[in-house]
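The structure appears below as structure tokens.
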Amino acid sequence: MITVGALVLAAKVIGAAKEVAVAWRYGVSGVVDAYLLALAITTWLPVILSSVSLVVFVPRLAGLEGQEREKYISQLNGLYLALAVFSTILTYFAGPPIAGWIAGGLDVKTVSLARSAVMWLSPAAGFITVIGYLALRLQSRRKFAYTFFEATPSALILLFVLLLASAAAIEPLLWGTVAGFGLQMLILMSLTQKADKSLGGISFPDFRSPGWKATGAAFGTMLVSQLISGLNTPIDQIFAARVGDNAIATLGYANRIVALATALGATVIARAALPVFSSAVLAEPMAVARRQALTWVMVMLAAGVCAAIIGWRLSTPVVGLLFERGEFGHEDTQIVSSVLRIALLQLPFYFSNVVIMQWFAAVKKLNLILFSIVSGIVFKILSILLLFDHGIYAIPASTAVFYAIGSAIGLGLLYYSPFRRVPA
């Protein structure tokens with residue numbers, strides 16, 4: 001946790017610098033609306049695939065060595081190369097009409113900008129798919145240096161924005177994003193080659209073997225889970241577009257500050273916990289491993305409460321310090337900070353939920369993850385409909401409801417359900 005935490009903190013400092021530069025150059029504007037919408041569409045499927053892959057394949061790879069691992073990696077290489085090509089092509093052709101549909105209520109120029117931005121960003125979809133695969137290989141080896149290089153896209157965007165941007169030009173954001181993810185992919189390829197002594201060959205997966213059949217079932221369950229969980233972002237974008245111009249940008253700035261907190265807490269425990277839990281359920285008495293998971297759930301719940309309270313009190317000065325300069329004015333600070341305070345309500349439930357999900361993955365109870373996510377998304381949609389008269393504030397409130405329901409259900413299942421040792 002200490003190692004991952006230090007790397008995440010370093011990466012997020014660079015990410016925060018990028019956000020400061022974007023706010024300075026673009027403020028709360030249609031350019032930011034278009035870019036964030038295009039980025040959400042581009043990254044949606046690759047991020048889901050990465051999340052699924054971490055849960056399904058890290059426990060599997062953690063128990064493989066020698067020729068068995070080499071054969072499995074060769075087949076995974078072929079699978080993820082195909083997925084990367086598919087993600088890029090799908091984003092290029094399907095992304096623009098989706099962007100036009102979501103942004104239908106915004107200014108015509110913003111809609112047109114979002115449609116073209118998705119096409120520019122489509123190569124990033126393939127890069128992110130490969131990055132997620134390389135990350136799971138490194139995580140299975142407990143090599144966490146890759147965490148720092150998650151800042152590579154932010155660093156490139158920061159550089160392009162400072163050197164090339166004008167208040168009205170979206171190109172530096174697009175070029176920096178694509179170049180950043182491409183460079184990150186190359187760096188992770190180098191790290192993976194060192195960790196595994198080789199990137200491995202490329203072959204088609206043997207879906208007929210017992211190992212692939214078990215993995216395929218797990219992958220299918222997690223894919224459905226993450227597709228449903230991934231509806232959070234498009235739901236938020238759709239409702240933000242219905243609120244009016246600049247709502248997507250306002251929500252984006254608030255979410256970026258929340259992301260700093262979630263990364264420094266939840267990302268750290270998630271990446272450290274999954275391989276540890278996976279080993280614990282194989283090597284230790286189940287009661288001991290389960291007690292460890294319960295302890296960390298309560299620790300992260302308490303940490304989330306503390307973070308939410310502190311963030312609530314400091315929301316306005318933090319937003320002002322980070323963003324209030326150039327095109328981002330004092331009025332923008334007040335609006336973003338008010339949205340941020342509502343968004344912070346998700347932190348206790350988000351933190352605890354991450355630990356619960358890692359435990360369910362380690363004991364291979366992926367159906368429980370699916371049940372928790374489906375319940376959460378149903379309550380999110382109901383809450384956003386009930387609260388929509390409150391404008392943009394309904395969106396972060398519904399996200400807090402999503403994680404609260406998921407955390408409550410997950411904790412109940414973890415506390416009351418019997419868990420038995422699982423096969424490697």
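Chain labels A, B, ... are given in the sequence in which chains occur in the structure tokens; within each chain residues are numbered consecutively from 1, and ligands are likewise numbered from 1 in the order shown.
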
Can you list, as a PyMOL selection string, every protein, DNA or RNA residue that comes within 10 Å of Ala361 of chain A when you count only C-alpha atoms, leaving out same-chain residues fewer than 3 positions away?
chain A and resi 54-56+58-59+218+222+274+277-278+355-358+364-369

Extract, using only C-alpha atoms, all DNA, RNA and protein residues at most 9 Å from Ile238 of chain A, discarding same-chain residues fewer than 6 positions from it, and format them as a count of residues only.
3

Distance criterion (only C-alpha atoms): nearest to Leu49 of chain A out of A:Gln226, A:Gln75, A:Thr192, A:Ser154:
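Selected residue with least distance to Leu49 of chain A: A:Gln226.
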
I'd like the neighbourhood of segment 374-384 of chain A as a PyMOL selection string, where a residue qualifies if any of its atoms comes within 6 Å (using only C-alpha atoms), though same-chain residues fewer than 3 positions away should be ignored.
chain A and resi 371+387-388+394+398+401-402+405-406

Output N, CA and C atoms of each residue in that selection to a file, as a PDB file, in the first residue's frame.
ATOM      1  N   PHE A 371     -24.714  -8.739  -8.769  1.00  0.00           N
ATOM      2  CA  PHE A 371     -25.924  -8.399  -8.024  1.00  0.00           C
ATOM      3  C   PHE A 371     -25.807  -7.030  -7.368  1.00  0.00           C
ATOM      4  N   LEU A 387     -34.652  13.428  -8.266  1.00  0.00           N
ATOM      5  CA  LEU A 387     -33.965  14.656  -7.876  1.00  0.00           C
ATOM      6  C   LEU A 387     -33.680  15.587  -9.043  1.00  0.00           C
ATOM      7  N   PHE A 388     -34.166  15.258 -10.229  1.00  0.00           N
ATOM      8  CA  PHE A 388     -33.756  16.014 -11.411  1.00  0.00           C
ATOM      9  C   PHE A 388     -34.168  17.484 -11.352  1.00  0.00           C
ATOM     10  N   ALA A 394     -28.389  16.769  -8.895  1.00  0.00           N
ATOM     11  CA  ALA A 394     -28.959  15.417  -8.869  1.00  0.00           C
ATOM     12  C   ALA A 394     -27.965  14.382  -9.357  1.00  0.00           C
ATOM     13  N   SER A 398     -26.863  11.113  -7.196  1.00  0.00           N
ATOM     14  CA  SER A 398     -27.226   9.764  -7.646  1.00  0.00           C
ATOM     15  C   SER A 398     -26.019   8.827  -7.631  1.00  0.00           C
ATOM     16  N   VAL A 401     -25.643   7.595  -4.179  1.00  0.00           N
ATOM     17  CA  VAL A 401     -26.635   6.554  -3.926  1.00  0.00           C
ATOM     18  C   VAL A 401     -26.173   5.221  -4.514  1.00  0.00           C
ATOM     19  N   PHE A 402     -25.617   5.262  -5.728  1.00  0.00           N
ATOM     20  CA  PHE A 402     -25.113   4.045  -6.380  1.00  0.00           C
ATOM     21  C   PHE A 402     -24.106   3.312  -5.497  1.00  0.00           C
ATOM     22  N   ILE A 405     -25.689   1.971  -2.028  1.00  0.00           N
ATOM     23  CA  ILE A 405     -26.440   0.722  -2.164  1.00  0.00           C
ATOM     24  C   ILE A 405     -25.493  -0.449  -2.374  1.00  0.00           C
ATOM     25  N   GLY A 406     -24.514  -0.284  -3.260  1.00  0.00           N
ATOM     26  CA  GLY A 406     -23.555  -1.350  -3.516  1.00  0.00           C
ATOM     27  C   GLY A 406     -22.756  -1.724  -2.283  1.00  0.00           C
TER      28      GLY A 406
END

Find the spatial neighbours of Leu79 of chain A, counting only C-alpha atoms, within a cut-off of 10 Å - ignore same-chain residues fewer than 6 positions away - and output them as a ChimeraX atom specification.
/A:73,133,202-205

Residues of the last selection are to be written out with N, CA and C atoms, as a short mmCIF file (atom, residue, chain, number, x, y, z; two decimals), in the first residue's frame.
data_model
loop_
_atom_site.label_atom_id
_atom_site.label_comp_id
_atom_site.auth_asym_id
_atom_site.auth_seq_id
_atom_site.Cartn_x
_atom_site.Cartn_y
_atom_site.Cartn_z
N ILE A 73 -0.10 -16.55 -21.47
CA ILE A 73 0.18 -15.18 -21.87
C ILE A 73 0.15 -15.04 -23.39
N TYR A 133 -4.31 -4.40 -20.25
CA TYR A 133 -3.80 -5.77 -20.26
C TYR A 133 -2.39 -5.83 -19.68
N ILE A 202 2.27 -14.61 -29.73
CA ILE A 202 0.87 -14.27 -30.03
C ILE A 202 0.22 -15.49 -30.65
N SER A 203 -0.84 -15.97 -30.03
CA SER A 203 -1.58 -17.11 -30.55
C SER A 203 -3.06 -16.93 -30.22
N PHE A 204 -3.90 -17.71 -30.86
CA PHE A 204 -5.33 -17.63 -30.59
C PHE A 204 -5.65 -18.39 -29.30
N PRO A 205 -6.53 -17.86 -28.47
CA PRO A 205 -6.88 -18.55 -27.21
C PRO A 205 -7.50 -19.91 -27.47
#

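The smallest atom-to-atom distance between Phe144 of chain A and any of A:Leu106, A:Val8, A:Leu90, A:Val118, using only C-alpha atoms, is found for A:Val8.
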
Atom CA of Ser315 of chain A and atom CA of Leu162 of chain A are how many Å apart?
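If I compute the distance from atom CA of Ser315 of chain A to atom CA of Leu162 of chain A, I get 26.1 Å.
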
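Restricting the calculation to only C-alpha atoms, the smallest distance between Ala40 of chain A and any of A:Ile98, A:Ala16, A:Val108, A:Leu156 is found for A:Ile98.
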